[in-house]
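For reference, start.tsv is printed below; it contains TSV, N, CA and C atoms.
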chain	number	residue	atom	x	y	z
W	1	MET	N	68.44	4.78	65.70
W	1	MET	CA	69.14	5.82	64.96
W	1	MET	C	69.01	7.14	65.72
W	2	ALA	N	70.12	7.76	66.00
W	2	ALA	CA	70.13	9.01	66.77
W	2	ALA	C	69.71	10.17	65.89
W	3	THR	N	68.96	11.06	66.47
W	3	THR	CA	68.54	12.26	65.76
W	3	THR	C	69.59	13.34	65.96
W	4	ARG	N	69.95	14.02	64.85
W	4	ARG	CA	70.95	15.08	64.93
W	4	ARG	C	70.27	16.42	64.71
W	5	THR	N	70.80	17.41	65.38
W	5	THR	CA	70.27	18.76	65.19
W	5	THR	C	70.77	19.32	63.87
W	6	ALA	N	70.14	20.39	63.42
W	6	ALA	CA	70.57	21.05	62.19
W	6	ALA	C	72.01	21.55	62.32
W	7	ALA	N	72.36	22.05	63.49
W	7	ALA	CA	73.72	22.54	63.71
W	7	ALA	C	74.72	21.40	63.61
W	8	GLU	N	74.37	20.24	64.15
W	8	GLU	CA	75.25	19.07	64.06
W	8	GLU	C	75.42	18.62	62.62
W	9	ARG	N	74.33	18.64	61.86
W	9	ARG	CA	74.40	18.24	60.44
W	9	ARG	C	75.27	19.22	59.65
W	10	ARG	N	75.16	20.52	59.92
W	10	ARG	CA	75.99	21.52	59.24
W	10	ARG	C	77.46	21.33	59.61
W	11	ALA	N	77.73	21.09	60.88
W	11	ALA	CA	79.11	20.88	61.31
W	11	ALA	C	79.69	19.63	60.66
W	12	GLU	N	78.88	18.59	60.55
W	12	GLU	CA	79.34	17.36	59.90
W	12	GLU	C	79.62	17.60	58.42
W	13	ALA	N	78.76	18.36	57.76
W	13	ALA	CA	78.96	18.66	56.33
W	13	ALA	C	80.24	19.47	56.14
W	14	ARG	N	80.51	20.43	57.03
W	14	ARG	CA	81.73	21.22	56.91
W	14	ARG	C	82.96	20.33	57.08
W	15	THR	N	82.89	19.41	58.02
W	15	THR	CA	84.01	18.51	58.26
W	15	THR	C	84.20	17.57	57.08
W	16	GLU	N	83.11	17.12	56.50
W	16	GLU	CA	83.16	16.17	55.39
W	16	GLU	C	83.95	16.74	54.21
W	17	PHE	N	83.86	18.04	53.98
W	17	PHE	CA	84.55	18.65	52.86
W	17	PHE	C	85.57	19.68	53.30
W	18	ASP	N	86.36	19.32	54.28
W	18	ASP	CA	87.45	20.16	54.75
W	18	ASP	C	88.74	19.59	54.19
W	19	ALA	N	89.29	20.26	53.20
W	19	ALA	CA	90.47	19.74	52.49
W	19	ALA	C	91.69	19.60	53.38
W	20	TYR	N	91.67	20.19	54.55
W	20	TYR	CA	92.78	20.01	55.49
W	20	TYR	C	92.73	18.63	56.15
W	21	MET	N	91.59	17.98	56.07
W	21	MET	CA	91.46	16.65	56.67
W	21	MET	C	91.91	15.60	55.65
W	22	ALA	N	92.67	14.63	56.11
W	22	ALA	CA	93.26	13.62	55.23
W	22	ALA	C	92.22	12.84	54.45
W	23	SER	N	91.06	12.62	55.02
W	23	SER	CA	90.05	11.80	54.35
W	23	SER	C	89.12	12.59	53.44
W	24	CYS	N	89.32	13.87	53.32
W	24	CYS	CA	88.41	14.71	52.53
W	24	CYS	C	88.52	14.41	51.04
W	25	PRO	N	87.39	14.14	50.38
W	25	PRO	CA	87.42	13.87	48.95
W	25	PRO	C	87.85	15.08	48.11
W	26	ALA	N	87.75	16.26	48.66
W	26	ALA	CA	88.19	17.45	47.93
W	26	ALA	C	89.69	17.41	47.65
W	27	ARG	N	90.44	16.65	48.44
W	27	ARG	CA	91.88	16.54	48.20
W	27	ARG	C	92.17	15.91	46.84
W	28	ARG	N	91.39	14.93	46.46
W	28	ARG	CA	91.58	14.30	45.14
W	28	ARG	C	91.34	15.33	44.04
W	29	LEU	N	90.34	16.14	44.22
W	29	LEU	CA	90.05	17.18	43.24
W	29	LEU	C	91.16	18.22	43.21
W	30	LEU	N	91.62	18.64	44.37
W	30	LEU	CA	92.74	19.60	44.41
W	30	LEU	C	93.98	19.02	43.74
W	31	ASP	N	94.23	17.76	43.97
W	31	ASP	CA	95.37	17.10	43.33
W	31	ASP	C	95.24	17.17	41.81
W	32	GLY	N	94.04	16.92	41.32
W	32	GLY	CA	93.82	16.94	39.88
W	32	GLY	C	93.91	18.32	39.26
W	33	ILE	N	93.30	19.30	39.88
W	33	ILE	CA	93.26	20.63	39.26
W	33	ILE	C	94.53	21.44	39.52
W	34	SER	N	95.41	20.96	40.39
W	34	SER	CA	96.64	21.70	40.64
W	34	SER	C	97.75	21.34	39.65
W	35	ASP	N	97.48	20.44	38.74
W	35	ASP	CA	98.44	20.02	37.73
W	35	ASP	C	98.66	21.15	36.71
W	36	LYS	N	99.91	21.34	36.29
W	36	LYS	CA	100.21	22.43	35.35
W	36	LYS	C	99.47	22.24	34.02
W	37	TRP	N	99.33	21.00	33.55
W	37	TRP	CA	98.65	20.78	32.27
W	37	TRP	C	97.17	21.12	32.39
W	38	VAL	N	96.57	20.84	33.54
W	38	VAL	CA	95.16	21.20	33.75
W	38	VAL	C	95.00	22.71	33.65
W	39	SER	N	95.85	23.43	34.35
W	39	SER	CA	95.78	24.89	34.32
W	39	SER	C	95.91	25.43	32.91
W	40	LEU	N	96.91	24.93	32.18
W	40	LEU	CA	97.14	25.43	30.83
W	40	LEU	C	96.01	25.05	29.88
W	41	LEU	N	95.47	23.84	30.01
W	41	LEU	CA	94.39	23.42	29.12
W	41	LEU	C	93.09	24.17	29.41
W	42	VAL	N	92.78	24.37	30.68
W	42	VAL	CA	91.57	25.13	31.02
W	42	VAL	C	91.69	26.54	30.44
W	43	ASN	N	92.86	27.15	30.58
W	43	ASN	CA	93.07	28.48	30.00
W	43	ASN	C	93.00	28.45	28.47
W	44	ALA	N	93.53	27.40	27.86
W	44	ALA	CA	93.51	27.30	26.39
W	44	ALA	C	92.08	27.15	25.87
W	45	LEU	N	91.20	26.60	26.68
W	45	LEU	CA	89.80	26.41	26.26
W	45	LEU	C	88.92	27.60	26.62
W	46	ALA	N	89.50	28.65	27.15
W	46	ALA	CA	88.74	29.82	27.61
W	46	ALA	C	87.92	30.47	26.51
W	47	ASP	N	88.45	30.49	25.29
W	47	ASP	CA	87.78	31.20	24.19
W	47	ASP	C	86.83	30.33	23.40
W	48	GLY	N	86.61	29.11	23.86
W	48	GLY	CA	85.67	28.25	23.17
W	48	GLY	C	86.27	26.91	22.79
W	49	PRO	N	85.48	26.08	22.13
W	49	PRO	CA	85.94	24.73	21.79
W	49	PRO	C	87.19	24.74	20.92
W	50	ARG	N	88.01	23.73	21.13
W	50	ARG	CA	89.23	23.55	20.34
W	50	ARG	C	89.40	22.09	20.00
W	51	ARG	N	90.00	21.86	18.85
W	51	ARG	CA	90.33	20.50	18.45
W	51	ARG	C	91.57	20.04	19.20
W	52	TYR	N	91.73	18.72	19.25
W	52	TYR	CA	92.87	18.11	19.93
W	52	TYR	C	94.18	18.68	19.37
W	53	SER	N	94.28	18.74	18.05
W	53	SER	CA	95.52	19.23	17.43
W	53	SER	C	95.76	20.70	17.76
W	54	ASP	N	94.71	21.49	17.88
W	54	ASP	CA	94.85	22.90	18.27
W	54	ASP	C	95.40	23.01	19.69
W	55	LEU	N	94.86	22.17	20.58
W	55	LEU	CA	95.34	22.18	21.97
W	55	LEU	C	96.80	21.75	22.05
W	56	SER	N	97.15	20.76	21.25
W	56	SER	CA	98.53	20.27	21.23
W	56	SER	C	99.49	21.37	20.80
W	57	ARG	N	99.10	22.16	19.82
W	57	ARG	CA	99.94	23.27	19.35
W	57	ARG	C	99.96	24.41	20.37
W	58	ARG	N	98.81	24.70	20.96
W	58	ARG	CA	98.68	25.83	21.89
W	58	ARG	C	99.48	25.61	23.16
W	59	VAL	N	99.46	24.38	23.68
W	59	VAL	CA	100.15	24.06	24.93
W	59	VAL	C	101.47	23.39	24.59
W	60	ALA	N	102.45	24.21	24.30
W	60	ALA	CA	103.77	23.72	23.89
W	60	ALA	C	104.38	22.84	24.97
W	61	GLY	N	104.98	21.74	24.53
W	61	GLY	CA	105.69	20.87	25.46
W	61	GLY	C	104.88	19.73	26.03
W	62	VAL	N	103.57	19.75	25.85
W	62	VAL	CA	102.76	18.64	26.38
W	62	VAL	C	102.87	17.46	25.43
W	63	SER	N	103.15	16.28	25.97
W	63	SER	CA	103.23	15.09	25.14
W	63	SER	C	101.82	14.63	24.77
W	64	GLN	N	101.72	13.84	23.74
W	64	GLN	CA	100.43	13.31	23.32
W	64	GLN	C	99.79	12.51	24.45
W	65	LYS	N	100.62	11.73	25.14
W	65	LYS	CA	100.12	10.92	26.26
W	65	LYS	C	99.54	11.81	27.36
W	66	MET	N	100.28	12.86	27.76
W	66	MET	CA	99.81	13.73	28.83
W	66	MET	C	98.58	14.54	28.42
W	67	LEU	N	98.56	14.97	27.16
W	67	LEU	CA	97.40	15.72	26.67
W	67	LEU	C	96.15	14.85	26.72
W	68	THR	N	96.27	13.63	26.21
W	68	THR	CA	95.14	12.71	26.20
W	68	THR	C	94.69	12.39	27.62
W	69	GLN	N	95.64	12.07	28.48
W	69	GLN	CA	95.33	11.71	29.87
W	69	GLN	C	94.67	12.87	30.61
W	70	THR	N	95.20	14.06	30.43
W	70	THR	CA	94.66	15.23	31.11
W	70	THR	C	93.25	15.55	30.62
W	71	LEU	N	93.04	15.49	29.30
W	71	LEU	CA	91.70	15.75	28.77
W	71	LEU	C	90.70	14.71	29.26
W	72	ARG	N	91.11	13.46	29.34
W	72	ARG	CA	90.21	12.41	29.86
W	72	ARG	C	89.85	12.67	31.32
W	73	ASN	N	90.85	13.05	32.11
W	73	ASN	CA	90.58	13.35	33.52
W	73	ASN	C	89.65	14.54	33.67
W	74	LEU	N	89.87	15.57	32.85
W	74	LEU	CA	88.99	16.74	32.90
W	74	LEU	C	87.56	16.38	32.49
W	75	GLU	N	87.45	15.51	31.49
W	75	GLU	CA	86.12	15.05	31.06
W	75	GLU	C	85.46	14.24	32.17
W	76	ARG	N	86.22	13.36	32.80
W	76	ARG	CA	85.70	12.51	33.88
W	76	ARG	C	85.21	13.36	35.05
W	77	ASP	N	85.93	14.45	35.34
W	77	ASP	CA	85.55	15.33	36.45
W	77	ASP	C	84.42	16.30	36.08
W	78	GLY	N	83.98	16.26	34.83
W	78	GLY	CA	82.88	17.12	34.41
W	78	GLY	C	83.31	18.53	34.07
W	79	LEU	N	84.61	18.75	33.86
W	79	LEU	CA	85.11	20.09	33.57
W	79	LEU	C	85.21	20.37	32.07
W	80	VAL	N	85.33	19.30	31.29
W	80	VAL	CA	85.48	19.41	29.83
W	80	VAL	C	84.50	18.45	29.16
W	81	GLU	N	83.95	18.91	28.05
W	81	GLU	CA	83.07	18.06	27.24
W	81	GLU	C	83.78	17.73	25.93
W	82	ARG	N	83.73	16.48	25.57
W	82	ARG	CA	84.35	16.00	24.32
W	82	ARG	C	83.23	15.73	23.32
W	83	THR	N	83.36	16.33	22.14
W	83	THR	CA	82.35	16.16	21.09
W	83	THR	C	83.02	15.57	19.86
W	84	VAL	N	82.48	14.43	19.41
W	84	VAL	CA	83.00	13.76	18.22
W	84	VAL	C	82.05	14.04	17.07
W	85	THR	N	82.59	14.55	15.98
W	85	THR	CA	81.81	14.83	14.77
W	85	THR	C	82.25	13.84	13.70
W	86	PRO	N	81.33	12.97	13.27
W	86	PRO	CA	81.70	11.99	12.24
W	86	PRO	C	82.06	12.70	10.93
W	87	SER	N	83.24	12.49	10.50
W	87	SER	CA	83.73	13.02	9.22
W	87	SER	C	84.99	12.25	8.88
W	88	VAL	N	85.61	12.59	7.79
W	88	VAL	CA	86.87	11.95	7.42
W	88	VAL	C	87.92	13.04	7.31
W	89	PRO	N	88.90	13.11	8.20
W	89	PRO	CA	89.00	12.28	9.41
W	89	PRO	C	88.00	12.74	10.47
W	90	VAL	N	87.82	11.92	11.50
W	90	VAL	CA	86.88	12.25	12.59
W	90	VAL	C	87.35	13.53	13.27
W	91	ARG	N	86.41	14.39	13.57
W	91	ARG	CA	86.72	15.65	14.25
W	91	ARG	C	86.33	15.51	15.72
W	92	VAL	N	87.27	15.83	16.60
W	92	VAL	CA	87.03	15.79	18.04
W	92	VAL	C	87.30	17.17	18.61
W	93	ASP	N	86.30	17.73	19.25
W	93	ASP	CA	86.43	19.04	19.87
W	93	ASP	C	86.29	18.91	21.38
W	94	TYR	N	86.98	19.80	22.07
W	94	TYR	CA	86.92	19.86	23.53
W	94	TYR	C	86.46	21.26	23.92
W	95	ALA	N	85.58	21.33	24.92
W	95	ALA	CA	85.08	22.61	25.39
W	95	ALA	C	84.87	22.54	26.90
W	96	LEU	N	84.97	23.68	27.53
W	96	LEU	CA	84.69	23.74	28.96
W	96	LEU	C	83.20	23.56	29.20
W	97	THR	N	82.85	22.80	30.20
W	97	THR	CA	81.46	22.70	30.64
W	97	THR	C	81.19	23.92	31.54
W	98	PRO	N	79.95	24.13	31.94
W	98	PRO	CA	79.70	25.22	32.90
W	98	PRO	C	80.54	25.06	34.18
W	99	LEU	N	80.72	23.84	34.64
W	99	LEU	CA	81.55	23.61	35.82
W	99	LEU	C	83.00	23.99	35.54
W	100	GLY	N	83.51	23.60	34.37
W	100	GLY	CA	84.87	23.97	33.98
W	100	GLY	C	85.03	25.47	33.82
W	101	ALA	N	84.01	26.12	33.26
W	101	ALA	CA	84.05	27.58	33.10
W	101	ALA	C	84.08	28.27	34.46
W	102	SER	N	83.47	27.67	35.47
W	102	SER	CA	83.50	28.27	36.81
W	102	SER	C	84.90	28.21	37.42
W	103	LEU	N	85.72	27.30	36.94
W	103	LEU	CA	87.11	27.18	37.41
W	103	LEU	C	88.03	28.15	36.66
W	104	LEU	N	87.62	28.59	35.50
W	104	LEU	CA	88.47	29.43	34.65
W	104	LEU	C	89.01	30.68	35.32
W	105	PRO	N	88.21	31.47	36.04
W	105	PRO	CA	88.78	32.69	36.65
W	105	PRO	C	89.94	32.38	37.60
W	106	LEU	N	89.83	31.28	38.33
W	106	LEU	CA	90.92	30.92	39.25
W	106	LEU	C	92.16	30.49	38.48
W	107	MET	N	91.97	29.68	37.45
W	107	MET	CA	93.10	29.21	36.66
W	107	MET	C	93.76	30.36	35.90
W	108	ARG	N	92.94	31.26	35.40
W	108	ARG	CA	93.47	32.43	34.69
W	108	ARG	C	94.28	33.30	35.65
W	109	ALA	N	93.78	33.46	36.86
W	109	ALA	CA	94.49	34.27	37.85
W	109	ALA	C	95.83	33.64	38.23
W	110	VAL	N	95.87	32.34	38.40
W	110	VAL	CA	97.12	31.66	38.75
W	110	VAL	C	98.12	31.78	37.60
W	111	LYS	N	97.66	31.57	36.37
W	111	LYS	CA	98.54	31.69	35.20
W	111	LYS	C	99.10	33.11	35.09
W	112	THR	N	98.24	34.10	35.23
W	112	THR	CA	98.66	35.50	35.15
W	112	THR	C	99.65	35.82	36.26
W	113	TRP	N	99.35	35.35	37.47
W	113	TRP	CA	100.26	35.60	38.59
W	113	TRP	C	101.64	35.01	38.30
W	114	ALA	N	101.67	33.78	37.80
W	114	ALA	CA	102.95	33.12	37.49
W	114	ALA	C	103.72	33.91	36.43
W	115	GLU	N	103.04	34.35	35.39
W	115	GLU	CA	103.69	35.10	34.32
W	115	GLU	C	104.24	36.43	34.83
W	116	GLU	N	103.51	37.08	35.73
W	116	GLU	CA	103.92	38.39	36.23
W	116	GLU	C	105.03	38.31	37.29
W	117	HIS	N	105.07	37.22	38.03
W	117	HIS	CA	105.98	37.14	39.17
W	117	HIS	C	107.17	36.20	38.99
W	118	ILE	N	107.32	35.59	37.83
W	118	ILE	CA	108.44	34.66	37.65
W	118	ILE	C	109.80	35.34	37.83
W	119	PRO	N	110.00	36.61	37.41
W	119	PRO	CA	111.31	37.22	37.67
W	119	PRO	C	111.64	37.31	39.17
W	120	GLU	N	110.63	37.66	39.99
W	120	GLU	CA	110.84	37.73	41.43
W	120	GLU	C	111.12	36.36	42.02
W	121	VAL	N	110.40	35.37	41.57
W	121	VAL	CA	110.60	34.00	42.06
W	121	VAL	C	111.99	33.51	41.66
W	122	ASP	N	112.40	33.79	40.43
W	122	ASP	CA	113.75	33.39	39.99
W	122	ASP	C	114.82	34.04	40.87
W	123	ARG	N	114.66	35.33	41.19
W	123	ARG	CA	115.64	36.01	42.05
W	123	ARG	C	115.65	35.40	43.44
W	124	ALA	N	114.48	35.08	43.97
W	124	ALA	CA	114.41	34.46	45.30
W	124	ALA	C	115.08	33.09	45.29
W	125	ARG	N	114.89	32.34	44.23
W	125	ARG	CA	115.53	31.02	44.13
W	125	ARG	C	117.05	31.16	44.06
W	126	GLU	N	117.51	32.15	43.31
W	126	GLU	CA	118.95	32.39	43.21
W	126	GLU	C	119.54	32.75	44.57
W	127	ARG	N	118.86	33.63	45.31
W	127	ARG	CA	119.33	34.01	46.64
W	127	ARG	C	119.34	32.81	47.58
W	128	TYR	N	118.29	32.04	47.53
W	128	TYR	CA	118.19	30.84	48.38
W	128	TYR	C	119.32	29.86	48.06
W	129	ASP	N	119.50	29.57	46.78
W	129	ASP	CA	120.54	28.62	46.37
W	129	ASP	C	121.93	29.12	46.74
W	130	ALA	N	122.18	30.42	46.57
W	130	ALA	CA	123.49	30.99	46.90
W	130	ALA	C	123.74	30.90	48.41
W	131	ALA	N	122.72	31.15	49.21
W	131	ALA	CA	122.86	31.09	50.67
W	131	ALA	C	123.10	29.65	51.13
W	132	ARG	N	122.54	28.69	50.46
W	132	ARG	CA	122.68	27.29	50.85
W	132	ARG	C	124.02	26.70	50.42
W	133	MET	N	124.59	27.27	49.39
W	133	MET	CA	125.86	26.73	48.88
W	133	MET	C	127.01	27.13	49.79
W	134	GLY	N	126.98	28.31	50.38
W	134	GLY	CA	128.05	28.76	51.26
W	134	GLY	C	129.32	29.06	50.48
W	135	PRO	N	130.24	29.82	51.08
W	135	PRO	CA	131.46	30.23	50.37
W	135	PRO	C	132.37	29.05	50.05
W	136	ASP	N	132.39	28.00	50.87
W	136	ASP	CA	133.28	26.87	50.62
W	136	ASP	C	132.73	25.91	49.57
W	137	ARG	N	131.49	26.05	49.15
W	137	ARG	CA	130.88	25.14	48.17
W	137	ARG	C	130.81	25.75	46.78
W	138	ARG	N	131.13	27.00	46.64
W	138	ARG	CA	130.98	27.68	45.33
W	138	ARG	C	132.06	27.35	44.41
Starting from the file, give its structure as structure tokens.
Amino acid sequence: MATRTAAERRAEARTEFDAYMASCPARRLLDGISDKWVSLLVNALADGPRRYSDLSRRVAGVSQKMLTQTLRNLERDGLVERTVTPSVPVRVDYALTPLGASLLPLMRAVKTWAEEHIPEVDRARERYDAARMGPDRR
């Protein structure tokens, strides 16, 4: 077994988690957290635990299937904790874990940026589409 220097071990560790590399496991995480439902749910949980039905109402347009799937994925990744309280009917609450809370500032910033810049993006899309259509295609 070859002995590696500390510098070699650090370089290997940097390479191991370089999302620009195809084999980097961070790509799977980026794929998961870049989903619009993830962003909206993390933001919806910012103020504390919420019930499933509260999340469904808060995040308009999310289907029951997507809400359930997204919450399960967030729980699996350690970003959300699911708490079941035995009652009639059963109460299920979702809350950000400390790891999920560490993601919140980034998700909040992306959501805020999108809300503030959508008019500019819409205008850019209109200009782009108009330029691509050309005078003979209009």
Find the axis-aligned box for segment 108-120 of chain W, covering all its listed atoms and adding 8 Å on each side, and write its centre and edge lengths in Å to one decimal as AutoDock Vina command-line options.
--center_x 102.3 --center_y 34.8 --center_z 38.2 --size_x 34.7 --size_y 23.1 --size_z 23.7
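Straight-line separation from atom C of Met107 of chain W to atom CA of Pro25 of chain W: 22.0 Å.
Of the residues listed (W:Lys36, W:Arg10, W:Arg91, W:Arg125), W:Lys36 shows the shortest atom-to-atom separation from Val62 of chain W; distances use only C-alpha atoms.
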Picked from chain W by DSSP as strand (DSSP E or B), as a ChimeraX atom specification: /W:50-51,80-85,91-96
Show me, as a PyMOL selection string, the residues that have an atom within 6 Å of Val80 of chain W when counting only N, CA and C atoms, minus same-chain residues fewer than 2 positions from it. chain W and resi 74-75+77-78+82+95-97+100
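Residues in contact with Leu30 of chain W at up to 12 Å, not including ones fewer than 2 positions away on its chain and judged by only C-alpha atoms, are Phe17, Asp18, Ala19, Tyr20, Cys24, Pro25, Ala26, Arg27, Arg28, Gly32, Ile33, Ser34, Asp35, Val38, Ser39, Asp77 and Leu103 of chain W.
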What does the distance from atom CA of Gly61 of chain W to atom C of Arg76 of chain W come to in Å, to one decimal? 23.8 Å
Between atom N of Arg108 of chain W and atom N of Met21 of chain W, distance in Å (one decimal): 24.6 Å
Per-residue DSSP, segment 14-126 of chain W, filtered to alpha helix (DSSP H), as number ranges by chain: W: 14-16, 26-33, 36-44, 52-58, 64-76, 98-126
Excluding Arg58 of chain W and any residue of its chain fewer than 5 positions from it, enumerate the residues within 8 Å of it, using only N, CA and C atoms, and give them as a list in words. Leu40, Ala44, Tyr52 and Ser53 of chain W
